[in-house]
Structure formats: structure tokens, C-alpha cells
Amino acid sequence: MATLQDVSKAVIEGEVERVKSYTQELLDAGQDPLEIINQGLIAGMDVVGERFKAGDMFVPEVLMCAKAMSEGMALVRPRLEGQEMQTHGTLLIGTVQNDLHDIGKNLVAMMVESAGFKVINLGTDIRPEVFVKAVQEHKPDIVGMSALLTTTLPYMQDTISAIKEAGLRDSVKIIVGGAPVTDEYAKQIGADGYAPDAGSAADLCKKLVEAK
Ligand code: B12
């Protein structure tokens, strides 16, 4: 009989088929779906986040783990039957205007989602006014911006200004990241936080909502 630890271990190893079969076995045996999510799937991704942050795991492996976790989630979700899944909050994330890079941003989205947040992923080439509209519509706790080009970095500042002008700055925390972004740059443009990788981004989101 599979255990919750088996599910976490299979997530950490990026074993999609094993995650699916253990999850199904536990569901069939009547295990609480929320326990499978929190003590199996999310617990596994927490370890993945730590290892990625420490440089002990690399992007392709993390993507497999995230896929394994999502496939497990897909099996559990229909069994939640109105049980409210507790989320830490909502992250709205996008790559800034004129920038099409999304591998890192999607990794951040997956990691933050795995940490128990609702994530709204706007995609790439997101203009400041589109961020503003999305904040008005979704009322997120955190807005995340990604940029990979030195030429698109200034759009982070423009987006923060647009959020301020719309009177929404006090309602959200703003985090930034991407290869050319630094902690110093984040402070300079008035963001609330910066993280160098997806695992740290998940920790940062938790820290920011706890402080809210
Ligand atoms: C893949 C890639 C592409 C792909 C993008 C595909 C895709 N779907 O993303 C394609 C081929 C489309 C592309 C196009 C271009 N690219 Co390109 N690309 C890259 C490359 C090789 C890898 C980027 C990547 O995915 N890294 C892996 C991810 C996991 O890392 P990451 O993005 O840094 O994300 C991590 C952290 O930064 C952080 N993070 C990321 N976002 C966020 C957000 C938040 C909120 C937080 C907290 C953290 C966070 O967490 C992530 C996970 O750990 C880099 C070179 C490199 N080695 O970095 C060049 C690179 C970024 N590209 C570059 C350039 C110049 C271009 C082009 C202009 C090329 C051209 N002449 O056409 C175009 C621009 C297109 C556009 N308008 O955006 C340059 C940028 C130089 C600069 N300093 O401006 C680079 C550095 C290559 C180089 N050495 O010259 N590119």
C-alpha cells in the first residue's frame, strides 16, 4: 500500500507515472485528498524547491518534478468536492512588455503554485496597462514581473508607476526577477522583493503574505 511519503519521494524524483499510481492508490483507499496534496505532493515540491535553490537540482529535473506534481493534482482535484483548498494568497505574474522569455517565469509560477498559492499567469510581453487591468480584475496579493533583457528592464519601473497611478500600489506587494535583475535594482525601482530563483521566489511570496 502506497504512503504519503511514497508520493513525496516520487515527486522529488520526477517520476510522473509513480506519482499518478501512488496518488490513485491512496485516493482509492480513502485517504483525505487534502492530505495527499499537503503531505504528499506539496511536501515533495518543497524539497525540490530547496534543492534547486541550493544548486543541487537543475531546470530540466525541476520541470519533471513540477509535471509529476501537476499530474497528481489533476487526479486529486475532482475529489476535493467543495472542500476549500487553503491558499496562501494569489500571485499574478507576467513577463514585461517586449520580452518573450518565459521559461524562468513559468518555473516561478509552478513553484509558487506548488507552495500553495493561486497563480494567475498572464504570459509574456505584458504592457503596464495590462498588468493594471489584471490587478483590478483579480485583486492579487502579489504581482510578479520577469524580464530577461536589459532593454526590457525599464518596463518593470513603468509597470510599478502605472500600478501607483491607478491607486493600486498599497493593495499589492510587487516582486521582480530574471537574469539581469538584482536586489539593488529591485530596491531602486520600489519593488517589495527580489528572488534569484524559483525556490526562493516561493519563500519570498510566503514571507510577503505573512507580513501583510
Ligand atoms: C531561451 C532563451 C531565448 C528564447 C526564449 C524562449 C522562451 N520561451 O523563454 C528565445 C529564442 C525566444 C530568445 C529570444 C531572444 N533572446 Co534570449 N535567451 C534565452 C536563454 C538562452 C535562456 C533563458 C532562460 O530560459 N534561462 C533559464 C531560466 C530558468 O532562467 P531565468 O529566466 O533566469 O529564470 C530564473 C530566475 O531568473 C528567476 N526568475 C525569473 N523570472 C522571475 C520573476 C520573478 C518575479 C522572480 C521572483 C524570479 C524570477 O527564477 C527563474 C527560475 O529559477 C538566455 C541566455 C541564458 N543563458 O540565460 C538568452 C538571453 C536572455 N537572450 C538574449 C537575447 C539578446 C535575445 C534576443 C534579443 C535575441 C535576438 N537577437 O532575437 C531575443 C529577444 C526576444 C524577446 N523579444 O524577448 C540575451 C539577453 C542579453 C541582455 N542582457 O539583454 C541572453 C542573455 C543571451 C545572451 N547571452 O546574449 N531567447
# chains A, B, ... in the order shown; residues from 1 in each chain; ligands from 1
>>> residues_near_ligand(ligand="ligand 1", cutoff="6 Å", atoms="only C-alpha atoms and all ligand atoms", output="list in words")
Asn98, Asp99, Leu100, His101, Asp102, Ile103, Gly104, Lys105, Leu107, Val108, Gly144, Met145, Ser146, Leu148, Leu149, Thr150, Thr151, Ile175, Val176, Gly177, Gly178, Ala179, Tyr194, Ala195, Pro196, Asp197, Ala198 and Ala201 of chain A
>>> write_last_selection(atoms="C-alpha atoms", output="short mmCIF file (atom, residue, chain, number, x, y, z; two decimals), in the first residue's frame")
data_model
loop_
_atom_site.label_atom_id
_atom_site.label_comp_id
_atom_site.auth_asym_id
_atom_site.auth_seq_id
_atom_site.Cartn_x
_atom_site.Cartn_y
_atom_site.Cartn_z
CA ASN A 98 8.57 43.47 -25.37
CA ASP A 99 10.07 40.45 -23.61
CA LEU A 100 9.20 36.95 -24.78
CA HIS A 101 11.28 34.89 -22.35
CA ASP A 102 9.05 32.72 -20.19
CA ILE A 103 10.91 29.61 -19.08
CA GLY A 104 12.06 31.11 -15.75
CA LYS A 105 8.78 32.93 -15.20
CA LEU A 107 9.14 27.89 -13.33
CA VAL A 108 8.47 30.56 -10.71
CA GLY A 144 5.42 39.30 -10.08
CA MET A 145 7.33 40.62 -13.07
CA SER A 146 10.00 38.83 -15.04
CA LEU A 148 15.44 38.71 -19.27
CA LEU A 149 16.62 41.58 -21.45
CA THR A 150 18.44 44.69 -20.30
CA THR A 151 16.31 46.59 -22.83
CA ILE A 175 8.27 41.18 -6.72
CA VAL A 176 10.71 41.11 -9.62
CA GLY A 177 13.18 38.65 -11.09
CA GLY A 178 15.01 37.43 -14.17
CA ALA A 179 18.70 37.10 -15.02
CA TYR A 194 13.54 40.15 -5.50
CA ALA A 195 14.43 36.46 -5.72
CA PRO A 196 17.20 34.90 -7.79
CA ASP A 197 15.42 31.59 -8.46
CA ALA A 198 12.06 29.84 -8.35
CA ALA A 201 10.55 33.16 -5.13
#
>>> closest_residue(among="A:Glu184, A:Asp28, A:Asp203, A:Glu13", to="Leu41 of chain A", atoms="only C-alpha atoms")
A:Glu13
>>> select_by_dssp(residues="segment 13-206 of chain A", states="alpha helix (DSSP H)", output="PyMOL selection string")
chain A and resi 16-28+33-35+43-53+59-76+103-114+128-138+154-165+183-188+198-206
>>> residues_around(residues="Val19 of chain A", least_positions_apart="2", cutoff="10 Å", atoms="only C-alpha atoms", output="list in words")
Asp6, Val7, Ser8, Lys9, Ala10, Val11, Ile12, Glu13, Gly14, Glu15, Val16, Glu17, Ser21, Tyr22, Thr23, Gln24, Glu25, Gly40, Leu41, Cys65, Lys67, Ala68, Met69, Ser70, Glu71, Gly72 and Met73 of chain A
>>> closest_residue(among="A:Asp125, A:Asp32, A:Asp183, A:Asn106", to="Val59 of chain A", atoms="only C-alpha atoms")
A:Asn106
>>> residues_around(residues="Asp46 of chain A", least_positions_apart="2", cutoff="12 Å", atoms="only C-alpha atoms", output="ChimeraX atom specification")
/A:8-9,11-12,37-44,48-53,62,65-66,69,110-116,198-200,202-203
>>> residues_around(residues="Glu165 of chain A", least_positions_apart="6", cutoff="12 Å", atoms="only C-alpha atoms", output="short mmCIF file (atom, residue, chain, number, x, y, z; two decimals) with N, CA and C atoms, in the first residue's frame")
data_model
loop_
_atom_site.label_atom_id
_atom_site.label_comp_id
_atom_site.auth_asym_id
_atom_site.auth_seq_id
_atom_site.Cartn_x
_atom_site.Cartn_y
_atom_site.Cartn_z
N PRO A 128 2.31 47.60 -19.25
CA PRO A 128 1.92 48.07 -17.91
C PRO A 128 0.41 48.16 -17.73
N GLU A 129 -0.30 48.66 -18.75
CA GLU A 129 -1.75 48.82 -18.58
C GLU A 129 -2.47 47.47 -18.47
N VAL A 132 -2.10 46.44 -14.92
CA VAL A 132 -3.04 47.22 -14.10
C VAL A 132 -4.45 46.64 -14.19
N ASP A 158 8.13 51.12 -15.26
CA ASP A 158 6.91 51.69 -15.85
C ASP A 158 5.66 51.01 -15.30
N THR A 159 5.75 49.69 -15.11
CA THR A 159 4.58 48.96 -14.60
C THR A 159 4.28 49.37 -13.16
#
>>> residues_around(residues="Tyr185 of chain A", least_positions_apart="4", cutoff="10 Å", atoms="only C-alpha atoms", output="list in words")
Leu153, Gln157, Val176, Gly177, Pro180, Val181, Ile189, Gly190, Ala191 and Tyr194 of chain A
>>> write_last_selection(atoms="C-alpha atoms", output="mmCIF file, in the first residue's frame")
data_model
loop_
_atom_site.group_PDB
_atom_site.id
_atom_site.type_symbol
_atom_site.label_atom_id
_atom_site.label_comp_id
_atom_site.auth_asym_id
_atom_site.auth_seq_id
_atom_site.Cartn_x
_atom_site.Cartn_y
_atom_site.Cartn_z
ATOM 1 C CA LEU A 153 14.110 46.063 -17.567
ATOM 2 C CA GLN A 157 9.623 50.556 -13.390
ATOM 3 C CA VAL A 176 10.709 41.110 -9.623
ATOM 4 C CA GLY A 177 13.184 38.654 -11.086
ATOM 5 C CA PRO A 180 19.552 40.827 -15.327
ATOM 6 C CA VAL A 181 17.573 41.822 -12.216
ATOM 7 C CA ILE A 189 12.522 50.828 -8.685
ATOM 8 C CA GLY A 190 10.487 50.468 -5.491
ATOM 9 C CA ALA A 191 9.629 46.759 -5.677
ATOM 10 C CA TYR A 194 13.544 40.152 -5.496
#
>>> atom_distance(atom1="atom CA of Met64 of chain A", atom2="atom CA of Ala2 of chain A")
20.9 Å
>>> atom_distance(atom1="atom CA of Gln136 of chain A", atom2="atom CA of Gln86 of chain A")
22.6 Å
>>> select_by_dssp(residues="segment 12-212 of chain A", states="strand (DSSP E or B)", output="count of residues only")
28
>>> residues_around(residues="Leu168 of chain A", least_positions_apart="6", cutoff="12 Å", atoms="only C-alpha atoms", output="ChimeraX atom specification")
/A:131-137,139-143,159-162,174
